[in-house]
Amino acid sequence: MGRLGHWGSPLRSLRTRIAAGVLLGLLLALWGATLLVGYVLRQEMQATLAAQQFSVVTLLADEIDRSVSERMRALQAVADDFDAAKLASPAALERELRDQHVLLTLFNWGVLVTDRQGTTLVSLPDELGRGGVNYMDVPAVRRTLESGEAQIGPALIGKTTLQPVVPMIVPIRDPGGAVLGAVIGLINLANANFLDEISANRFGRHGGYLITDPVQRLFIAATDKSRVMTPGPPPGVNPVYDHYLAGNDGSGLARSSRGVVELSSSRRVKSTGWLMQSVLPGEEAFAPLYAMQWRLLGLAAALTVLASVLVWWWLRRQLRPLGEAAEQLGRMRDGLIPRQALPVRRDDEIGALTGAFNGLLTTILEGEARAAEHALNQRLRSIVSQIPGLVFQYRLDGDGHHSVPFASDALRELFGLEPDCLLASADALHARVLPEDLPALLAAVSESARELSRLHREFRIAHPARGVRWMRFDALPEAADSGGVTWQGFATDITEAKETELKLRIAAATFEGQEGIFITDAEGRIVQVNQAFTAMTGYSAREAIGQTPAMLRSGRHGQEFYRRLYAGLERDGFWQGEIWNRRKNGEVFVEWVTISAVRDDAGQVTHYVAAFSDITEHKKAEEQVHQLAFYDPLTQLPNRRLFHDRLEQALVASARSRHGGALLFLDLDGFKGLNDTHGHVMGDALLVEVAHRLVDSLRESDTVARLGGDEFVVILENLDEEERDAESHAGRVAEKLREELARPYHLSVPGGSDSVIHQCTASVGVCMFLGHEESRDELIKRADIAMYRAKAAGRNAVRFFDPRRLPVPLKLGC
């Protein structure tokens with residue numbers, strides 16, 4: 001049949017199939033590599049360009065944030081220097097504003113100062129015609145004047161100049177924090193401004209920068225000036241742009257609303273919320289990549305043709321001996337020639353195949369023996385693999401060499417090692433042991449070998465995937481005739497047990513800390529307490545266990561308090577707060593308590609843990625500090641600080657209800673004579689009695705305060721809505737107080753035998769108020785003026801504040 005009979009037709013021959021397979025694999029690899037390289041280069045180039053682009057916009061966004069913050073600080077510095085007096089004099093205000101040269105250079109469209117109603121008091125430069133214009137209808141200005149918060153407004157068209165501007169507004173406040181007006185700095189987007197320094201540059205040859213107001217979807221600055229104050233693409237047109245406007249920083253590739261594929265990056269400016277963006281056309285960004293891809297495709301085509309020719313010629317030459325061997329083997333199969341060794345013509349794979357056939361008859365029995373031994377080992381490993389932990393055989397030779405002749409498959413999981421790598425040497429196993437634990441482990445091995453005693457050792461290893469793990473070796477030694485020792489042993493991972501042991505020690509130390517702790521079961525019966533519990537409550541563990549926490553109740557909390565406590569505990573799994581409890585000796589104390597629920601795997605509560613600390617002294621200190629800060633130590637009346645706060649609250653309430661109120665200023669007549677005659681101790685007794693009479697003569701909703709010396713003030717709230725009725729009501733109360741204070745005083749010093757009957761009167765000044773028509777300080781001043789008129793009228797009198805009797809014209813509203 002010849003060679004053709006064995007090799008068949010050219011299409012069915014091994015040579016053809018190998019050639020076709022090799023060529024196909026080579027072509028797939030070559031073209032796949034070409035396409036993969038092109039794809040990877042594109043991704044890497046896009047990632048690199050995006051990173052560079054995002055880095056640039058991040059720097060620019062930070063620069064914009066710094067510039068905006070600098071302008072807001074400059075505005076705030078100017079606003080802090082203004083007060084009500086300066087706002088009342090526009091000419092002086094304008095002179096002071098003109099001196100702020102730096103401020104005028106920071107805002108290219110000038111600076112405005114408005115009053116509380118948003119009307120322009122001063123506008124620089126003058127020629128823009130903004131004086132007297134009311135800006136209350138501008139949302140950002142209105143928010144600042146109403147809330148008192150500084151604002152950076154959205155870009156808009158100016159009311160008078162019709163120019164695109166960005167307003168920056170800070171409030172002007174009085175010493176009490178009330179808003180008096182606003183300072184507004186304007187950036188004209190159509191003129192040269194600080195944003196142009198950033199957006200005027202280009203990114204690449206055809207790219208550029210944009211600054212977007214995300215709330216309005218509006219471009220407020222751009223490299224292309226024609227896009228300033230134009231809207232961005234509508235939602236859905238550019239998903240990457242929509243992603244940026246949704247509050248996300250980053251980079252992306254998408255087709256723009258102009259139909260151009262662009263690589264863009266965006267970073268939010270912290271102080272304004274604007275988006276600093278850069279765009280680069282994809283055609284420009286990937287131009288070098290496109291050129292490289294065409295060169296790669298040409299090279300791949302040339303290599304394909306060359307590889308096809310070389311593969312066919314090489315396979316034809318290499319497979320000729322294989323065809324000759326196949327022909328001779330076929331003749332042996334058919335019995336045409338006896339079985340004999342094939343000639344080895346080459347020292348390559350074909351020659352090796354021929355040699356393997358020649359040794360087949362002599363090696364078949366050895367192969368069967370090895371197969372049987374392998375099957376036995378596999379069955380042994382299968383049995384050992386069912387045992388948790390590692391079964392091993394460890395050997396120490398007489399020359400000090402360590403090895404592991406056998407290890408079960410658990411070695412892979414416990415140590416991250418293959419059993420075969422330890423057959424010749426245990427160095428890989430020793431390398432896993434932490435350096436600080438290895439000497440002790442080797443010393444234990446040596447001691448066990450010397451005494452033939454059990455090897456038991458715990459040590460740590462560095463597992464390549466699971467980190468540091470704790471291991472325990474347990475093995476029994478057997479002495480060998482060669483002088484070595486072999487251990488048959490078992491190794492287990494005890495990391496979880498070690499962690500549990502550590503947690504138990506920490507829990508024990510925590511339980512016996514400084515805080516009192518008690519644990520109850522799900523029904524609320526105490527099952528365990530610590531020493532701090534006994535020290536704080538006086539109840540020993542024997543007395544407390546089996547009881548409920550109700551044994552500590554002081555009676556200060558009602559059932560509603562405990563109902564909310566248990567409801568919060570059931571809802572949240574914990575509760576914390578202050579509870580007044582009672583010690584065993586009857587002493588009531590306040591404690592800060594944290595209660596936590598403990599649940600089992602099914603989510604059911606099994607125990608409650610309560611930790612508490614005694615804060616009684618802390619509470620007493622807080623009460624003393626509050627008393628000293630807000631009350632007069634002699635009369636226990638509110639002091640000046642608390643009086644100011646109460647008066648502010650009264651003004652707010654009056655503005656809300658539109659009910660009038662009154663401020664009464666009282667000064668004792670002849671108080672100095674009592675001090676000079678009977679001493680300050682008797683004078684203090686008089687002040688205390690005056691305080692009692694004032695409090696007893698007024699409603700609980702009214703406020704009595706001592707300002708100092710013999711001066712007292714009274715705040716009457718919620719009087720009549722009609723001004724005349726409210727004045728009449730206030731007059732009756734003032735007259736009542738005057739008469740009450742004019743009654744004789746029986747004064748005595750505590751612990752002393754002397755007593756004095758003293759006759760004393762008071763002069764009372766009254767000033768009416770309604771809402772915030774006048775400031776707190778102005779009301780006090782007016783009541784004081786009215787009191788001095790009562791003094792001037794002969795004392796022991798009541799006088800209302802009357803602006804018509806002022807020596808100079810004043811703007812007064814009482």
# chains A, B, ... in the order shown; residues from 1 in each chain; ligands from 1
>>> select_by_dssp(residues="segment 603-655 of chain A", states="alpha helix (DSSP H)", output="JSON, numbers by chain")
{"A": [616, 617, 618, 619, 620, 621, 622, 623, 624, 625, 626, 627, 628, 629, 630, 640, 641, 642, 643, 644, 645, 646, 647, 648, 649, 650, 651, 652, 653, 654, 655]}
>>> residues_around(residues="Gly185 of chain A", least_positions_apart="6", cutoff="10 Å", atoms="only C-alpha atoms", output="list in words")
Arg71, Met72, Ala74, Leu75, Leu103, Leu104, Leu106, Phe107, Asn108, Trp109, Gly110, Val111, Leu112, Val113, Leu124, Ile152, Val165, Val166, Pro167, Met168, Ile169 and Val170 of chain A
>>> atom_distance(atom1="atom CA of Val764 of chain A", atom2="atom CA of Leu716 of chain A")
13.7 Å
>>> residues_around(residues="Val695 of chain A", least_positions_apart="6", cutoff="9 Å", atoms="only C-alpha atoms", output="JSON, numbers by chain")
{"A": [702, 703, 704]}
>>> write_last_selection(atoms="N, CA and C atoms", output="short mmCIF file (atom, residue, chain, number, x, y, z; two decimals), in the first residue's frame")
data_model
loop_
_atom_site.label_atom_id
_atom_site.label_comp_id
_atom_site.auth_asym_id
_atom_site.auth_seq_id
_atom_site.Cartn_x
_atom_site.Cartn_y
_atom_site.Cartn_z
N ASP A 702 -45.33 85.88 84.36
CA ASP A 702 -44.53 87.11 84.35
C ASP A 702 -43.15 86.83 84.91
N THR A 703 -42.22 87.72 84.61
CA THR A 703 -40.82 87.55 85.04
C THR A 703 -40.41 88.72 85.92
N VAL A 704 -39.79 88.38 87.07
CA VAL A 704 -39.19 89.38 87.96
C VAL A 704 -37.69 89.09 88.00
#
